[in-house]
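These notes concern the structure reproduced below.
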Number of protein chains: 4
Amino acid sequence: MPASYAYLGPQGTFTEVALRTLPETATRELVPMVSVPAALDAVRTGEAEAAFVPIENSVEGGITTTLDELVAGEPLMIYREVLLSITFALLVRPGTKLTDIKTVTAHPAAQPQVRNWMKAHLDPDVTWESAASNADGARLVQEGRYDAAFAGEFAAERYGLVPLVTEIHDAENAQTRFVLVGKPARPAAPTGADKTSVVIWQRDDHPGALLELLQEFAVRGVNLMLLQSRPTGEGIGNYCFAIDAEGHISDRRVGEALMGLKRVCPEVRFLGSYPRAGVTVADVRAPRAGTTDGDFMAASDWLARCQDGRF
Amino acid sequence: MPASYAYLGPQGTFTEVALRTLPETATRELVPMVSVPAALDAVRTGEAEAAFVPIENSVEGGITTTLDELVAGEPLMIYREVLLSITFALLVRPGTKLTDIKTVTAHPAAQPQVRNWMKAHLDPDVTWESAASNADGARLVQEGRYDAAFAGEFAAERYGLVPLVTEIHDAENAQTRFVLVGKPARPAAPTGADKTSVVIWQRDDHPGALLELLQEFAVRGVNLMLLQSRPTGEGIGNYCFAIDAEGHISDRRVGEALMGLKRVCPEVRFLGSYPRAGVTVADVRAPRAGTTDGDFMAASDWLARCQDGRF
Amino acid sequence: MPASYAYLGPQGTFTEVALRTLPETATRELVPMVSVPAALDAVRTGEAEAAFVPIENSVEGGITTTLDELVAGEPLMIYREVLLSITFALLVRPGTKLTDIKTVTAHPAAQPQVRNWMKAHLDPDVTWESAASNADGARLVQEGRYDAAFAGEFAAERYGLVPLVTEIHDAENAQTRFVLVGKPARPAAPTGADKTSVVIWQRDDHPGALLELLQEFAVRGVNLMLLQSRPTGEGIGNYCFAIDAEGHISDRRVGEALMGLKRVCPEVRFLGSYPRAGVTVADVRAPRAGTTDGDFMAASDWLARCQDGRF
Amino acid sequence: MPASYAYLGPQGTFTEVALRTLPETATRELVPMVSVPAALDAVRTGEAEAAFVPIENSVEGGITTTLDELVAGEPLMIYREVLLSITFALLVRPGTKLTDIKTVTAHPAAQPQVRNWMKAHLDPDVTWESAASNADGARLVQEGRYDAAFAGEFAAERYGLVPLVTEIHDAENAQTRFVLVGKPARPAAPTGADKTSVVIWQRDDHPGALLELLQEFAVRGVNLMLLQSRPTGEGIGNYCFAIDAEGHISDRRVGEALMGLKRVCPEVRFLGSYPRAGVTVADVRAPRAGTTDGDFMAASDWLARCQDGRF
């Protein structure tokens, strides 16, 4: 029985397209799930080896459902990320013309990405109805319930539709970031272009508290790529922070920063170190002077000599 | 013709209840709108004097639709905030018993707040269907489409339902924060228990960049209450930050911090200074030593004397 | 009666040479004093218009007598600084050869600057005797009490001696910095290459206390050029800090940093803003982005507009 | 042949009194030297096991000769410190009355500590002559060259003088701190009330450079007790910093701070970890939350588990 990967379904969405860019999916059963919590629970219960879910997009920011599921409950770890450029196609039944369209549908998340295009190209009286997913919207067009659906161009064939317009996206560079999540295990070896995800809780809300936590990174020259606050569930104004930092937990500067956070935060949750998508080692900025592993080792040797009085 | 307040409708939701706690609503026409953007656009176009919308809750965190609308587009300002404790009632048609319930509905935002209660008290086979709003869910129960709806207890009467169970809330202290938003004008006078909202953009993503911005607050002893990243729309990983800080723009320490941000950020958007809900002057922590308006004025006098050589 | 400048005497020392580089000395009576305190007291009592004293040198660091006199007592202000390269000549009576020299003299401060030269060029049995000043040492050679004196080459003629060796200096770039000190008055107008001197006292010795004070400069992009701790006289371990910062008190970034210090320090003493010696405007690093006077004014305008609700 | 301790002589000075408070001096030969460099050179050449020299006093601040000798040359280490309260006695030949005194002498360092007393109690025409040391001043009184000497009361007997007045000190709490210096070896075990001395060089003079170095201490909760700038000898304005920090090099927070400095400074010189004089463990402030050795070890364990994926 092959290992399976759960993913946010249904079939024929951007999530599935992103997932299929991972080579190992060739040997995995891919199981669509109805929600992000359902996909992650499949990992927690052992039904799936891993789950593939969206975590951030350039229009909506952090996907809060995914973040909240990772922040709470039994610990999970991120092993891989995939970046996918998001452009929509307007899918219609064969023969439909632009001027025939009176009703359109798609997942609500698509709306902010096509709103301007709709204003410019569709009849102002066209009505929008939300669908449970973009694929589901395509299915409803196939069934004749709506005239058109915004979805990935790849969804056309599955539902017997044709792409009337492609490459629709209000914002340039619209991208979604997906992550492959599994049970905690040893992180992948560093590649030189890695990212570390962590969630930190503040000790209390004294002025400058968050600043002190960020200094744990800054003083070791670790750059932050994402800082997303999420409510702790203990009343309004109580937040934890999901943070993505450059580098791998096995980099000495990252490890020391994480230990610093562990010492001053009531809770720190390690979410994984994994290769950055869309970035090669050549793109990665050199570490700040004095923060390479070599610098850390030389300093450690020096300290040992000082403690021994040999210098 | 009375001035009108637009709000996130429909009628009979928590938003309306929160809005009605403001005394001036007695003399305003209250107009429900279908969405947050619609409510805010009513202000921008001059149709409404102000709009009342949710901005943060203790389960979901910042309400991203509201934040994104305030971050972009024509500037608006926050004049008031209201905190409302959120507890749900299970509304049913008269005569329905707990064991009769096979289908429930509510707005998707209600789900994380009643999930545990459902597991503990309802048949595991009960199916959940999302409604456009909690009030709409109640209406659908009235129409017989579902057996029960989670909504505010106050919605029962309007839809001819009865509250079978009340005070349902998975998390203690579940609250939602709403804001009254209008066109830019002079902020309300300081009360001594105020809050200032601002959005800042980073110059670039060099290590420690956010840290430097937070230091503009910290060095002047200004405490932060909320830091929420929002995508700038310029590609994944590009964020601005919505910040709530303690104090009023007319407090010298707050004003100097804002000017500091204005000098180092490519863009700063002032969103208003307004009284903190649920907090009296007596609850407010004293400013850090050296940061009262008196301290600022004494320092300014001293500088003038130094510049004149009189000391 | 011409105004007079007191200076650390006697005549014929480096101090006098440095003083004479100031053009206005042509129209002042120059009065040598026996000590730095005596020179500064002459200003405080009104006997002298100004005093000219050494404040820092590249071998000894801050001249503590001068710093302590400026830190305590009636306030004085620095109006000018002069940098002088220090090289010694070995002065002897005409006819003396290097091998004739059995005894040498000079002010004790000269010793660390000629020690290596002596080891390399003089008989190891030569004895060193301290003199009250380098000029006094030259006088004692003239009187036949010692064989040679280390002093400025310019002192030879006055005492009928000849420079046997010149350009003696153990350290490259040996320089002394002198300051012209007067009663408090309006500082000279900014030149674009200025320096501001200030003394600050710490509130208490909690960890990071000095760091917080330095952040008042850093957050406004003000560079420090000198930080010299001096005991406060209130027991061992109690220090104040004499600081030289880049820029002029009339620069907005410097003024705001000084006000910040004034608010958080129990005491701040302004010691003056004056042109940097040996530096032209072209040599001065551009202010950090966002810290020019124009940036400050733009931010101030913006704040006023926010406070008025006009934006 | 017993091991010997060199000290800043001559006999009968405060330095000797301070040295004799160390119990092990009972079994050492104590050798007075003419200068601090001579005393330290005796250690470097192996002639003496250790040297005992003043390093800081509450009137003069850091003793620059001592600091400069420790900063440069072959490395030495501090093993012990002694704090001595400094009060002077006015020593005279038997029979001398206060009104008989026309000339007084002492080491120049004594002058700022007795100046006010002299003004209040001696004839204003009394002349002051400097002596090479306080003990030497006493000897010159014995020889009849001056009428009185300021020195430690303990010096009276040795020179056949009597203390006419005792407990003379202009400043309250006048103290001098002395250190016992030896060749590098393993530091003494931590006592719980320790101090670590170190010299750091800055990488360059960019704004905030010193601030960054101090943050290496602050972020690990290490309190600073002394920060003394000393010229590097590479031209005016180039300084290194002698720093005393709370804690022992074997404390994890101190060790990590030192390694942080080692990584970002071009040079760091460890000067030793040793018990603080005049302070017991009960006087020592508790480490900041999250900075005990236990906290460091727990964080280190946690990191190892994260790296292994076991959590």
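Please note that chains go A, B, ... in the order of the structure tokens, that every chain numbers its residues from 1, and that ligands are numbered from 1 in the order shown.
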
**OP:** Go through segment 43-222 of chain B and collect every residue that DSSP, computed from the backbone, puts in helix (DSSP H, G or I); the answer should be as number ranges by chain.
**Re:** B: 43-44, 64-71, 98-100, 108-121, 134-142, 155-158, 209-218

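For chain D, the residues no farther than 6 Å from chain A when using only C-alpha atoms are Pro184, Ala185, Arg186, Met259, Lys262, Arg263, Val264, Gly290, Asp295, Ala299, Gln307, Asp308 and Gly309 of chain D.
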
**OP:** Looking only at strand (DSSP E) from DSSP on the backbone, list the matching residues of segment 58-277 of chain C as an MDAnalysis selection string.
**Re:** chainID C and resid 61:62 77:85 88:92 103:106 127:130 148:151 162:168 175:182 194:201 224:231 239:246 268:275

Residues just named, written with C-alpha atoms as a PDB file, in the first residue's frame:
ATOM      1  CA  GLY C  61      42.938  59.306  25.599  1.00  0.00           C
ATOM      2  CA  GLY C  62      40.712  61.886  27.255  1.00  0.00           C
ATOM      3  CA  MET C  77      31.098  75.746  26.779  1.00  0.00           C
ATOM      4  CA  ILE C  78      33.448  74.589  24.034  1.00  0.00           C
ATOM      5  CA  TYR C  79      33.607  76.929  21.010  1.00  0.00           C
ATOM      6  CA  ARG C  80      36.452  75.579  18.959  1.00  0.00           C
ATOM      7  CA  GLU C  81      38.775  72.616  18.680  1.00  0.00           C
ATOM      8  CA  VAL C  82      42.305  72.356  17.286  1.00  0.00           C
ATOM      9  CA  LEU C  83      44.132  69.160  16.317  1.00  0.00           C
ATOM     10  CA  LEU C  84      47.906  69.189  16.509  1.00  0.00           C
ATOM     11  CA  SER C  85      50.265  66.447  15.399  1.00  0.00           C
ATOM     12  CA  PHE C  88      59.241  65.645  19.568  1.00  0.00           C
ATOM     13  CA  ALA C  89      62.667  67.038  19.022  1.00  0.00           C
ATOM     14  CA  LEU C  90      65.639  66.139  21.223  1.00  0.00           C
ATOM     15  CA  LEU C  91      66.943  69.539  22.329  1.00  0.00           C
ATOM     16  CA  VAL C  92      70.500  69.945  23.519  1.00  0.00           C
ATOM     17  CA  THR C 103      70.321  62.486  31.459  1.00  0.00           C
ATOM     18  CA  VAL C 104      67.116  63.472  29.667  1.00  0.00           C
ATOM     19  CA  THR C 105      63.981  65.212  30.820  1.00  0.00           C
ATOM     20  CA  ALA C 106      60.459  66.105  29.659  1.00  0.00           C
ATOM     21  CA  THR C 127      68.362  58.402  33.249  1.00  0.00           C
ATOM     22  CA  TRP C 128      64.993  60.035  32.779  1.00  0.00           C
ATOM     23  CA  GLU C 129      63.810  62.816  35.110  1.00  0.00           C
ATOM     24  CA  SER C 130      60.357  64.300  34.893  1.00  0.00           C
ATOM     25  CA  ALA C 148      68.827  66.821  26.752  1.00  0.00           C
ATOM     26  CA  ALA C 149      65.099  67.512  26.700  1.00  0.00           C
ATOM     27  CA  PHE C 150      62.280  66.119  24.603  1.00  0.00           C
ATOM     28  CA  ALA C 151      60.132  69.065  23.521  1.00  0.00           C
ATOM     29  CA  VAL C 162      69.482  73.097  19.130  1.00  0.00           C
ATOM     30  CA  PRO C 163      67.351  70.214  17.886  1.00  0.00           C
ATOM     31  CA  LEU C 164      69.708  67.249  17.687  1.00  0.00           C
ATOM     32  CA  VAL C 165      66.984  64.913  16.358  1.00  0.00           C
ATOM     33  CA  THR C 166      63.527  65.862  15.146  1.00  0.00           C
ATOM     34  CA  GLU C 167      60.283  64.039  14.235  1.00  0.00           C
ATOM     35  CA  ILE C 168      60.497  61.669  17.162  1.00  0.00           C
ATOM     36  CA  GLN C 175      47.848  63.960  17.844  1.00  0.00           C
ATOM     37  CA  THR C 176      46.463  66.090  20.612  1.00  0.00           C
ATOM     38  CA  ARG C 177      43.083  67.759  20.498  1.00  0.00           C
ATOM     39  CA  PHE C 178      42.706  71.120  22.213  1.00  0.00           C
ATOM     40  CA  VAL C 179      39.533  73.074  22.918  1.00  0.00           C
ATOM     41  CA  LEU C 180      38.747  76.750  23.363  1.00  0.00           C
ATOM     42  CA  VAL C 181      36.377  77.093  26.288  1.00  0.00           C
ATOM     43  CA  GLY C 182      34.276  80.084  27.336  1.00  0.00           C
ATOM     44  CA  ASP C 194      30.283  70.032  13.370  1.00  0.00           C
ATOM     45  CA  LYS C 195      30.524  68.184  16.623  1.00  0.00           C
ATOM     46  CA  THR C 196      28.398  68.346  19.754  1.00  0.00           C
ATOM     47  CA  SER C 197      29.783  67.596  23.210  1.00  0.00           C
ATOM     48  CA  VAL C 198      27.609  66.605  26.107  1.00  0.00           C
ATOM     49  CA  VAL C 199      27.908  64.897  29.497  1.00  0.00           C
ATOM     50  CA  ILE C 200      25.205  62.481  30.602  1.00  0.00           C
ATOM     51  CA  TRP C 201      24.473  60.824  33.914  1.00  0.00           C
ATOM     52  CA  LEU C 224      29.165  59.003  18.240  1.00  0.00           C
ATOM     53  CA  MET C 225      32.820  59.993  18.038  1.00  0.00           C
ATOM     54  CA  LEU C 226      33.904  59.729  21.680  1.00  0.00           C
ATOM     55  CA  LEU C 227      32.517  58.095  24.770  1.00  0.00           C
ATOM     56  CA  GLN C 228      34.547  58.634  27.893  1.00  0.00           C
ATOM     57  CA  SER C 229      33.397  57.554  31.335  1.00  0.00           C
ATOM     58  CA  ARG C 230      34.287  59.765  34.297  1.00  0.00           C
ATOM     59  CA  PRO C 231      33.592  59.028  37.956  1.00  0.00           C
ATOM     60  CA  TYR C 239      30.180  57.092  36.244  1.00  0.00           C
ATOM     61  CA  CYS C 240      28.932  59.794  33.963  1.00  0.00           C
ATOM     62  CA  PHE C 241      29.808  59.804  30.263  1.00  0.00           C
ATOM     63  CA  ALA C 242      31.380  62.558  28.198  1.00  0.00           C
ATOM     64  CA  ILE C 243      30.169  62.088  24.653  1.00  0.00           C
ATOM     65  CA  ASP C 244      31.088  63.716  21.348  1.00  0.00           C
ATOM     66  CA  ALA C 245      28.447  63.281  18.661  1.00  0.00           C
ATOM     67  CA  GLU C 246      28.516  64.205  14.985  1.00  0.00           C
ATOM     68  CA  VAL C 268      22.639  66.276  31.046  1.00  0.00           C
ATOM     69  CA  ARG C 269      25.245  68.974  30.571  1.00  0.00           C
ATOM     70  CA  PHE C 270      25.557  70.559  27.138  1.00  0.00           C
ATOM     71  CA  LEU C 271      29.198  71.370  26.417  1.00  0.00           C
ATOM     72  CA  GLY C 272      28.811  72.992  23.021  1.00  0.00           C
ATOM     73  CA  SER C 273      28.486  72.543  19.266  1.00  0.00           C
ATOM     74  CA  TYR C 274      31.500  73.630  17.211  1.00  0.00           C
ATOM     75  CA  PRO C 275      33.295  73.011  13.909  1.00  0.00           C
TER      76      PRO C 275
END

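Using only C-alpha atoms, the smallest distance between any of C:Gln142, C:Leu19, C:Thr99, C:Ala120 and Ala155 of chain C comes from C:Gln142.
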
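A straight line drawn from atom CA of Ala171 of chain B to atom CA of Leu98 of chain B is 21.9 Å long.
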
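Atom CA of Ala174 of chain D sits 25.7 Å away from atom CA of Val71 of chain D.
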
Original post:
With only C-alpha atoms as the atoms that count, which of C:Val53, C:Leu30, C:Met118, C:Leu8 lies nearest to Leu70 of chain C?
Top reply: C:Val53

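Using only C-alpha atoms, the smallest distance between any of B:Ala109, B:Ile101, B:Val254, B:Leu210 and Gly144 of chain B comes from B:Ile101.
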
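Atom CA of Ala3 of chain D is positioned 15.2 Å from atom CA of Leu40 of chain D.
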